[in-house]
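Participant: What follows is the file entry_20.tsv, containing TSV, C-alpha atoms and all ligand atoms:
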chain	number	residue	atom	x	y	z
A	1	MET	CA	0.00	0.00	0.00
A	2	LYS	CA	1.07	3.52	-0.69
A	3	LEU	CA	-0.49	6.78	0.45
A	4	VAL	CA	0.44	9.77	-1.67
A	5	ILE	CA	-0.50	13.23	-0.46
A	6	ASN	CA	0.04	15.98	-2.98
A	7	SER	CA	-0.07	19.76	-2.41
A	8	LEU	CA	-2.80	19.58	0.23
A	9	SER	CA	-3.97	22.95	1.55
A	10	LYS	CA	-6.64	23.96	4.01
A	11	THR	CA	-7.78	27.33	5.35
A	12	TYR	CA	-10.50	27.30	8.01
A	13	ALA	CA	-13.42	29.75	7.95
A	14	ASN	CA	-11.69	31.82	10.67
A	15	GLY	CA	-8.73	32.39	8.33
A	16	VAL	CA	-6.28	29.94	9.94
A	17	HIS	CA	-4.11	28.47	7.19
A	18	ALA	CA	-3.78	25.01	8.77
A	19	LEU	CA	-2.21	23.12	5.84
A	20	LYS	CA	0.08	24.72	3.28
A	21	ASP	CA	0.93	22.65	0.22
A	22	VAL	CA	1.55	19.45	2.17
A	23	SER	CA	3.10	16.67	0.06
A	24	LEU	CA	4.12	13.32	1.56
A	25	THR	CA	4.49	9.71	0.43
A	26	LEU	CA	3.87	6.93	2.96
A	27	ASN	CA	4.53	3.21	2.53
A	28	ASN	CA	3.59	0.27	4.73
A	29	GLY	CA	4.94	0.59	8.25
A	30	MET	CA	4.78	3.16	11.00
A	31	PHE	CA	4.97	6.79	9.92
A	32	GLY	CA	5.39	9.51	12.55
A	33	LEU	CA	3.90	12.93	12.01
A	34	LEU	CA	5.82	15.10	14.44
A	35	GLY	CA	4.99	18.70	15.25
A	36	PRO	CA	4.17	21.12	18.07
A	37	ASN	CA	0.60	21.83	19.11
A	38	GLY	CA	-1.27	23.70	16.41
A	39	ALA	CA	1.07	22.48	13.65
A	40	GLY	CA	-1.76	21.04	11.56
A	41	LYS	CA	-1.37	17.35	12.43
A	42	SER	CA	-5.02	16.75	13.33
A	43	SER	CA	-6.17	18.72	10.31
A	44	LEU	CA	-4.09	16.45	8.08
A	45	MET	CA	-5.24	13.28	9.89
A	46	ARG	CA	-8.91	14.25	9.71
A	47	THR	CA	-8.57	15.01	6.00
A	48	ILE	CA	-6.96	11.61	5.31
A	49	ALA	CA	-9.67	9.98	7.46
A	50	THR	CA	-12.30	11.61	5.15
A	51	LEU	CA	-13.76	13.62	8.03
A	52	GLN	CA	-13.08	17.02	6.53
A	53	GLU	CA	-12.50	18.56	3.13
A	54	ALA	CA	-9.32	20.09	1.77
A	55	ASP	CA	-9.35	23.28	-0.32
A	56	LYS	CA	-6.73	22.05	-2.74
A	57	GLY	CA	-4.58	19.02	-3.46
A	58	SER	CA	-5.06	15.26	-3.63
A	59	ILE	CA	-4.67	12.11	-1.55
A	60	TYR	CA	-4.37	8.68	-3.15
A	61	LEU	CA	-4.33	5.32	-1.40
A	62	ASP	CA	-2.81	3.24	-4.20
A	63	ASP	CA	-5.28	4.00	-7.04
A	64	LEU	CA	-8.09	5.14	-4.76
A	65	ASP	CA	-8.83	8.87	-4.78
A	66	VAL	CA	-9.35	9.38	-1.02
A	67	LEU	CA	-11.05	12.77	-1.24
A	68	LYS	CA	-13.62	11.49	-3.76
A	69	ASN	CA	-14.31	7.97	-2.46
A	70	LYS	CA	-15.07	8.43	1.22
A	71	THR	CA	-17.15	5.27	1.67
A	72	GLU	CA	-14.49	3.00	0.15
A	73	VAL	CA	-11.75	4.68	2.19
A	74	ARG	CA	-13.70	4.26	5.42
A	75	GLN	CA	-13.88	0.50	4.79
A	76	LEU	CA	-10.08	0.38	4.68
A	77	LEU	CA	-9.54	2.73	7.59
A	78	GLY	CA	-8.97	2.34	11.33
A	79	TYR	CA	-9.03	5.65	13.18
A	80	LEU	CA	-8.21	6.56	16.76
A	81	PRO	CA	-9.00	10.26	17.13
A	82	GLN	CA	-7.31	12.59	19.60
A	83	GLU	CA	-10.45	13.06	21.66
A	84	PHE	CA	-11.66	9.51	22.05
A	85	GLY	CA	-14.87	9.48	24.06
A	86	VAL	CA	-16.15	6.21	25.47
A	87	TYR	CA	-19.58	5.27	26.77
A	88	PRO	CA	-18.80	5.01	30.49
A	89	LYS	CA	-21.44	2.42	31.45
A	90	ILE	CA	-20.68	-0.20	28.80
A	91	SER	CA	-18.08	-2.94	29.08
A	92	ALA	CA	-15.21	-3.14	26.58
A	93	GLU	CA	-16.50	-6.48	25.38
A	94	ARG	CA	-20.02	-5.23	24.63
A	95	MET	CA	-18.77	-2.04	23.03
A	96	LEU	CA	-16.42	-3.90	20.67
A	97	ASP	CA	-19.21	-6.33	19.79
A	98	HIS	CA	-21.44	-3.36	19.00
A	99	ILE	CA	-18.82	-1.63	16.83
A	100	ALA	CA	-18.12	-4.89	14.98
A	101	GLN	CA	-21.83	-5.17	14.26
A	102	LEU	CA	-21.87	-1.60	12.94
A	103	LYS	CA	-18.88	-2.42	10.75
A	104	GLY	CA	-20.84	-5.26	9.19
A	105	VAL	CA	-19.73	-8.38	11.08
A	106	GLY	CA	-23.24	-9.90	11.19
A	107	ASN	CA	-22.50	-13.39	12.45
A	108	LYS	CA	-22.64	-13.59	16.27
A	109	GLY	CA	-20.10	-16.40	16.61
A	110	GLU	CA	-17.69	-14.66	14.26
A	111	ARG	CA	-18.05	-11.45	16.27
A	112	LYS	CA	-17.38	-13.27	19.54
A	113	ASP	CA	-14.12	-14.72	18.17
A	114	LEU	CA	-13.12	-11.36	16.73
A	115	VAL	CA	-13.76	-9.47	19.99
A	116	GLU	CA	-11.95	-12.11	22.06
A	117	GLY	CA	-8.95	-11.92	19.73
A	118	LEU	CA	-8.85	-8.14	19.84
A	119	LEU	CA	-9.10	-7.99	23.63
A	120	GLU	CA	-6.28	-10.53	23.86
A	121	ASN	CA	-4.24	-8.50	21.40
A	122	VAL	CA	-4.48	-5.27	23.38
A	123	ASN	CA	-4.08	-7.06	26.70
A	124	LEU	CA	-7.54	-6.23	28.05
A	125	SER	CA	-8.98	-9.76	28.32
A	126	LYS	CA	-9.09	-9.76	32.08
A	127	ASP	CA	-10.74	-6.33	32.14
A	128	ARG	CA	-13.22	-7.06	29.36
A	129	LYS	CA	-16.30	-6.98	31.65
A	130	LYS	CA	-15.36	-3.69	33.34
A	131	HIS	CA	-17.20	-0.52	32.38
A	132	LEU	CA	-15.16	1.72	30.08
A	133	GLY	CA	-15.69	4.62	32.48
A	134	THR	CA	-13.49	2.84	35.03
A	135	TYR	CA	-10.57	2.40	32.60
A	136	SER	CA	-7.26	4.28	33.07
A	137	GLY	CA	-5.95	6.54	30.28
A	138	GLY	CA	-3.69	3.77	28.98
A	139	MET	CA	-6.48	1.17	29.02
A	140	LYS	CA	-8.75	3.55	27.11
A	141	GLN	CA	-6.06	4.05	24.48
A	142	ARG	CA	-5.57	0.29	24.13
A	143	PHE	CA	-9.33	-0.12	23.82
A	144	GLY	CA	-9.21	2.63	21.17
A	145	ILE	CA	-6.70	0.62	19.18
A	146	ALA	CA	-8.85	-2.50	19.49
A	147	GLN	CA	-11.86	-0.69	18.01
A	148	ALA	CA	-9.68	0.81	15.28
A	149	LEU	CA	-8.50	-2.69	14.29
A	150	ILE	CA	-11.99	-4.07	13.63
A	151	GLY	CA	-12.39	-4.88	9.95
A	152	ASN	CA	-8.65	-5.41	9.24
A	153	PRO	CA	-7.87	-1.86	8.17
A	154	LYS	CA	-5.14	-1.21	5.61
A	155	LEU	CA	-4.67	2.34	6.83
A	156	ILE	CA	-4.56	3.09	10.56
A	157	ILE	CA	-4.50	6.62	11.90
A	158	VAL	CA	-3.73	7.35	15.54
A	159	ASP	CA	-3.82	10.98	16.61
A	160	GLU	CA	-1.61	11.89	19.62
A	161	PRO	CA	-2.15	8.49	21.25
A	162	THR	CA	0.46	8.77	24.01
A	163	ALA	CA	-0.48	12.22	25.30
A	164	GLY	CA	-1.44	11.94	28.95
A	165	LEU	CA	-0.15	8.39	29.46
A	166	ASP	CA	2.25	7.63	32.30
A	167	PRO	CA	5.61	6.03	31.33
A	168	ALA	CA	4.45	2.45	32.04
A	169	GLU	CA	1.23	2.92	30.06
A	170	ARG	CA	3.17	4.53	27.25
A	171	ASN	CA	5.52	1.54	27.08
A	172	ARG	CA	2.63	-0.89	26.92
A	173	PHE	CA	1.08	1.20	24.17
A	174	TYR	CA	4.41	1.29	22.26
A	175	ASN	CA	4.55	-2.51	22.40
A	176	LEU	CA	1.06	-2.74	21.01
A	177	LEU	CA	1.64	-0.24	18.22
A	178	SER	CA	4.93	-1.82	17.19
A	179	GLN	CA	3.08	-5.05	16.40
A	180	LEU	CA	0.98	-3.27	13.79
A	181	GLY	CA	2.37	-1.71	10.75
A	182	GLU	CA	4.10	-4.38	8.72
A	183	ASN	CA	1.32	-4.91	6.22
A	184	THR	CA	-0.54	-1.69	6.86
A	185	ILE	CA	0.18	2.00	6.79
A	186	VAL	CA	0.06	3.35	10.34
A	187	ILE	CA	0.18	7.12	10.78
A	188	LEU	CA	0.99	8.26	14.27
A	189	SER	CA	0.74	11.94	15.07
A	190	THR	CA	2.65	13.19	18.07
A	191	HIS	CA	4.53	16.11	19.60
A	192	ILE	CA	6.72	13.62	21.50
A	193	VAL	CA	10.05	12.90	19.78
A	194	GLU	CA	10.48	9.64	21.69
A	195	ASP	CA	7.29	8.25	20.06
A	196	VAL	CA	8.97	8.62	16.68
A	197	SER	CA	12.42	7.37	17.69
A	198	THR	CA	10.90	4.28	19.35
A	199	LEU	CA	8.36	3.31	16.73
A	200	CYS	CA	8.67	4.91	13.34
A	201	SER	CA	10.64	3.84	10.28
A	202	ASN	CA	9.77	7.10	8.57
A	203	PHE	CA	8.58	10.47	9.75
A	204	ALA	CA	7.87	14.05	8.84
A	205	ILE	CA	8.17	17.25	10.83
A	206	ILE	CA	5.25	19.60	10.36
A	207	CYS	CA	5.03	23.13	11.73
A	208	GLN	CA	2.60	25.96	10.96
A	209	GLY	CA	0.96	23.79	8.33
A	210	GLU	CA	4.16	23.10	6.40
A	211	VAL	CA	6.28	19.98	6.04
A	212	LEU	CA	9.78	21.01	7.18
A	213	TYR	CA	11.43	17.58	6.91
A	214	ALA	CA	10.52	14.11	5.68
A	215	GLY	CA	12.74	11.04	5.84
A	216	ASP	CA	13.90	8.26	8.12
A	217	PRO	CA	15.13	8.97	11.66
A	218	GLU	CA	18.60	7.47	11.15
A	219	THR	CA	19.42	9.57	8.11
A	220	ALA	CA	17.93	12.64	9.77
A	221	VAL	CA	20.20	12.23	12.79
A	222	SER	CA	23.29	11.49	10.68
A	223	GLU	CA	22.72	14.74	8.77
A	224	MET	CA	23.17	16.59	12.08
A	225	GLU	CA	26.57	15.02	12.71
A	226	GLY	CA	29.21	17.67	13.53
A	227	LYS	CA	26.64	20.46	13.75
A	228	ILE	CA	25.41	20.19	17.35
A	229	TYR	CA	27.32	21.85	20.19
A	230	SER	CA	26.42	22.11	23.84
A	231	LYS	CA	27.38	24.26	26.80
A	232	ALA	CA	26.27	24.75	30.41
A	233	ILE	CA	25.57	28.42	31.10
A	234	ASN	CA	24.01	30.54	33.83
A	235	LYS	CA	20.28	31.03	33.39
A	236	THR	CA	20.72	34.79	33.22
A	237	GLU	CA	22.98	34.53	30.13
A	238	ILE	CA	20.40	32.89	27.88
A	239	ALA	CA	19.29	36.11	26.14
A	240	PHE	CA	22.88	36.79	25.07
A	241	TYR	CA	23.32	33.27	23.71
A	242	LYS	CA	20.02	33.45	21.83
A	243	ASP	CA	21.18	36.66	20.15
A	244	ASP	CA	24.50	35.16	19.05
A	245	TYR	CA	23.69	31.49	18.36
A	246	ASN	CA	20.99	29.29	16.91
A	247	VAL	CA	19.89	27.85	20.27
A	248	ILE	CA	17.70	24.82	19.50
A	249	SER	CA	17.06	23.50	22.99
A	250	THR	CA	17.60	24.33	26.63
A	251	GLN	CA	17.45	22.09	29.66
A	252	LEU	CA	17.81	23.03	33.30
A	253	LYS	CA	20.03	20.57	35.21
A	254	THR	CA	21.13	21.14	38.81
A	255	GLY	CA	20.80	24.90	38.55
A	256	LYS	CA	22.70	25.27	35.24
A	257	LEU	CA	21.11	25.76	31.87
A	258	HIS	CA	22.39	23.24	29.31
A	259	ILE	CA	21.94	24.67	25.86
A	260	ARG	CA	22.38	23.00	22.48
A	261	ILE	CA	23.07	25.00	19.36
A	262	LEU	CA	23.07	24.17	15.66
A	263	LYS	CA	26.13	25.43	13.80
A	264	GLU	CA	28.00	24.24	10.70
A	265	THR	CA	31.43	25.08	12.21
A	266	ASP	CA	33.01	24.91	15.69
A	267	PRO	CA	31.71	27.92	17.64
A	268	GLY	CA	34.57	27.91	20.20
A	269	ASN	CA	33.65	29.96	23.29
A	270	GLY	CA	33.49	26.93	25.59
A	271	PHE	CA	31.04	24.92	23.46
A	272	THR	CA	31.77	21.20	23.08
A	273	PRO	CA	30.67	18.97	20.19
A	274	ALA	CA	27.61	16.86	21.08
A	275	ILE	CA	26.31	13.59	19.67
A	276	PRO	CA	23.18	14.48	17.71
A	277	ASN	CA	19.81	12.86	18.39
A	278	LEU	CA	16.32	13.06	16.94
A	279	GLU	CA	15.37	15.90	19.29
A	280	ASP	CA	18.12	17.98	17.68
A	281	VAL	CA	16.61	17.24	14.27
A	282	TYR	CA	13.16	18.23	15.51
A	283	PHE	CA	14.16	21.36	17.41
A	284	GLY	CA	16.70	22.31	14.74
A	285	ASN	CA	13.92	22.30	12.15
A	286	ILE	CA	11.28	24.11	14.14
A	287	ALA	CA	13.52	26.55	16.08
A	288	THR	CA	13.31	29.15	13.34
A	289	ARG	CA	9.48	29.07	13.61
A	290	VAL	CA	8.80	28.52	17.30
A	291	ASP	CA	10.67	29.88	20.33
A	292	VAL	CA	12.48	26.95	22.01
A	293	ASN	CA	11.28	28.07	25.42
A	294	THR	CA	7.64	27.79	24.42
A	295	ILE	CA	7.80	24.30	22.87
B	301	LIG	P1	-2.31	19.96	15.77
B	301	LIG	O1	-3.10	18.70	15.60
B	301	LIG	O2	-0.94	19.85	15.18
B	301	LIG	O3	-2.28	20.46	17.17
B	301	LIG	P2	-4.51	21.25	14.36
B	301	LIG	O4	-4.65	20.63	13.02
B	301	LIG	O5	-5.47	20.81	15.42
B	301	LIG	O6	-3.00	21.09	14.88
B	301	LIG	O7	-4.63	22.83	14.22
B	301	LIG	C1	-3.91	23.59	13.27
B	301	LIG	C2	-4.40	25.02	13.33
B	301	LIG	O8	-5.73	25.10	12.85
B	301	LIG	C3	-4.42	25.60	14.73
B	301	LIG	O9	-4.09	26.97	14.63
B	301	LIG	C4	-5.87	25.40	15.16
B	301	LIG	O10	-6.25	26.39	16.11
B	301	LIG	C5	-6.60	25.60	13.85
B	301	LIG	N1	-7.86	24.81	13.77
B	301	LIG	C6	-7.99	23.46	13.91
B	301	LIG	N2	-9.25	23.07	13.70
B	301	LIG	C7	-9.96	24.19	13.42
B	301	LIG	C8	-11.34	24.44	13.10
B	301	LIG	N3	-12.23	23.47	13.03
B	301	LIG	N4	-11.68	25.73	12.86
B	301	LIG	C9	-10.78	26.73	12.91
B	301	LIG	N5	-9.46	26.57	13.20
B	301	LIG	C10	-9.06	25.30	13.45
Go ahead and express the file in the form of structure tokens.
Ligand code: ADP
Facilitator:
Amino acid sequence: MKLVINSLSKTYANGVHALKDVSLTLNNGMFGLLGPNGAGKSSLMRTIATLQEADKGSIYLDDLDVLKNKTEVRQLLGYLPQEFGVYPKISAERMLDHIAQLKGVGNKGERKDLVEGLLENVNLSKDRKKHLGTYSGGMKQRFGIAQALIGNPKLIIVDEPTAGLDPAERNRFYNLLSQLGENTIVILSTHIVEDVSTLCSNFAIICQGEVLYAGDPETAVSEMEGKIYSKAINKTEIAFYKDDYNVISTQLKTGKLHIRILKETDPGNGFTPAIPNLEDVYFGNIATRVDVNTI
């Protein structure tokens, strides 16, 4: 499967230009869409999921024109939206059975097997009779994946799935997501760099509606080699450093501010070369658009 997005643009009625000429090609596997809040990730996801219109551009899933064939696309799609509401007084088992029925699995026995398999898959078998309202954030997200998997989707979209999960829940969710993706296209939107470095074979950085980078994480990091320098400074000096250097990230550690800068040549002045990572790629790309202290 291949998803080809070409020159997609969207301006909302209030004048916000949420997508500006977005072009991306996605193959089978996990694709990370990385960007700060308000970057346009959800707008792009909702457009691919046929839930809103674009002003301009095209999306093709192999030969299928996504923007013109909503019904066909929805049959191939599994979607976990950012705001995933659950009916609080229904058990996971009953809810999945209900969704499977809505998705056209008419045979009761077949549905039972399907639901059992899904619950097993997302590690919720022992909690299957509990009301969804009693689920933790991580359990809700895993339930969300289970419902998105009904009907063997070829394209799975998960919008900011790890936001609000504690580290243990996030790990469990990573394990689940990493099992998907080999024979399907999985698009994962996130503002968390670790989500991409842990899970994604390819990714794009989006900011203010524009694609700033697209590629694979390894290449992206190797392109930063020899260009990242770090230094521990006093907090009060930051304004000076921001004036003189391209400061891409700052981190407070034991009272000192550790800054990282992006520079093609050795800056001297007490900076030491640092081993680049995916955060440097991300912050290096968006630093010109967004103040590093507000990310
Ligand atoms: P992200 O998912 O990356 O946080 P969004 O796609 O939700 O970004 O938002 C991109 C921009 O579009 C933001 O400025 C947001 O306020 C705006 N926006 C999103 N949805 C709407 C809408 N329905 N109407 C008007 N503006 C919107």
Participant: Residues at most 10 Å from A:Ile99, counting only C-alpha atoms, excluding those fewer than 4 positions away in the same chain, as a PyMOL selection string?
Facilitator: chain A and resi 94-95+103-105+111+115+147-148+150-151
Participant: Name all residues at most 9 Å from A:Gly38 (count all atoms listed in the file; drop same-chain ones fewer than 5 positions away) and give them as a PyMOL selection string.
Facilitator: chain A and resi 18+207-209
Participant: Please tabulate, as JSON lines, the residues of stretch 103-189 of chain A that come within 7 Å of stretch 74-91 of chain A, each with its closest pair of atoms and the distance in Å to one decimal, counting all atoms listed in the file and ordering rows by chain, then residue number upward.
Facilitator:
{"residue": "A:Arg128", "atom": "CA", "partner": "A:Ser91", "partner_atom": "CA", "distance": 6.4}
{"residue": "A:Lys129", "atom": "CA", "partner": "A:Ser91", "partner_atom": "CA", "distance": 5.1}
{"residue": "A:Lys130", "atom": "CA", "partner": "A:Ser91", "partner_atom": "CA", "distance": 5.1}
{"residue": "A:His131", "atom": "CA", "partner": "A:Ser91", "partner_atom": "CA", "distance": 4.2}
{"residue": "A:Leu132", "atom": "CA", "partner": "A:Pro88", "partner_atom": "CA", "distance": 4.9}
{"residue": "A:Gly133", "atom": "CA", "partner": "A:Pro88", "partner_atom": "CA", "distance": 3.7}
{"residue": "A:Gly144", "atom": "CA", "partner": "A:Leu80", "partner_atom": "CA", "distance": 6.0}
{"residue": "A:Ile145", "atom": "CA", "partner": "A:Leu80", "partner_atom": "CA", "distance": 6.6}
{"residue": "A:Ala148", "atom": "CA", "partner": "A:Gly78", "partner_atom": "CA", "distance": 4.3}
{"residue": "A:Leu149", "atom": "CA", "partner": "A:Gly78", "partner_atom": "CA", "distance": 5.9}
{"residue": "A:Pro153", "atom": "CA", "partner": "A:Leu76", "partner_atom": "CA", "distance": 4.7}
{"residue": "A:Lys154", "atom": "CA", "partner": "A:Leu76", "partner_atom": "CA", "distance": 5.3}
{"residue": "A:Leu155", "atom": "CA", "partner": "A:Leu77", "partner_atom": "CA", "distance": 4.9}
{"residue": "A:Ile156", "atom": "CA", "partner": "A:Gly78", "partner_atom": "CA", "distance": 4.5}
{"residue": "A:Ile157", "atom": "CA", "partner": "A:Tyr79", "partner_atom": "CA", "distance": 4.8}
{"residue": "A:Val158", "atom": "CA", "partner": "A:Leu80", "partner_atom": "CA", "distance": 4.7}
{"residue": "A:Asp159", "atom": "CA", "partner": "A:Gln82", "partner_atom": "CA", "distance": 4.9}
{"residue": "A:Glu160", "atom": "CA", "partner": "A:Gln82", "partner_atom": "CA", "distance": 5.7}
{"residue": "A:Pro161", "atom": "CA", "partner": "A:Gln82", "partner_atom": "CA", "distance": 6.8}
Participant: Which residue is closest to A:Leu51? Choose from A:Thr11, A:Thr71, A:Thr288, A:Asn6 and count all atoms listed in the file.
Facilitator: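 The answer is A:Thr71, which sits nearest to A:Leu51.
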Participant: Produce a table with one row for each residue of chain A that has an atom at most 7 Å from any atom of ligand LIG 301 (chain B), each row naming the nearest atom pair and its distance in Å at one decimal; use only C-alpha atoms and all ligand atoms; arrange rows by chain and rising residue number; format as CSV.
Facilitator:
residue,atom,partner,partner_atom,distance
A:Tyr12,CA,B:LIG301,C9,4.9
A:Ala13,CA,B:LIG301,C9,6.4
A:Asn14,CA,B:LIG301,C9,5.6
A:Val16,CA,B:LIG301,N5,5.7
A:His17,CA,B:LIG301,O8,6.8
A:Ala18,CA,B:LIG301,O8,4.5
A:Gly35,CA,B:LIG301,O2,6.0
A:Pro36,CA,B:LIG301,O2,6.0
A:Asn37,CA,B:LIG301,O3,3.7
A:Gly38,CA,B:LIG301,O3,3.5
A:Ala39,CA,B:LIG301,O2,3.6
A:Gly40,CA,B:LIG301,O4,3.3
A:Lys41,CA,B:LIG301,O2,3.7
A:Ser42,CA,B:LIG301,O1,3.6
A:Ser43,CA,B:LIG301,O4,3.6
A:Leu44,CA,B:LIG301,O4,6.5
A:Gly209,CA,B:LIG301,C1,6.9
Participant: Using all atoms listed in the file, which of A:Leu26, A:Ala214, A:Leu67, A:Ala163 sits nearest A:Thr50?
Facilitator: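 That would be A:Leu67, the residue with the smallest distance to A:Thr50.
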Participant: Give me the residues within 9 Å of A:Lys256 as a PyMOL selection string, counting only C-alpha atoms and dropping any in the same chain fewer than 3 places off.
Facilitator: chain A and resi 232-235+251-253
Participant: Which is closer to A:Leu177 than all the others in A:Lys68, A:Lys108, A:Leu119, A:Ala146, using all atoms listed in the file?
Facilitator: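 Closest candidate: A:Ala146.
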Participant: Which is closer to A:Thr184 than all the others in A:Ser197, A:Asn69, A:Ser23, A:Asn152, using only C-alpha atoms?
Facilitator: A:Asn152
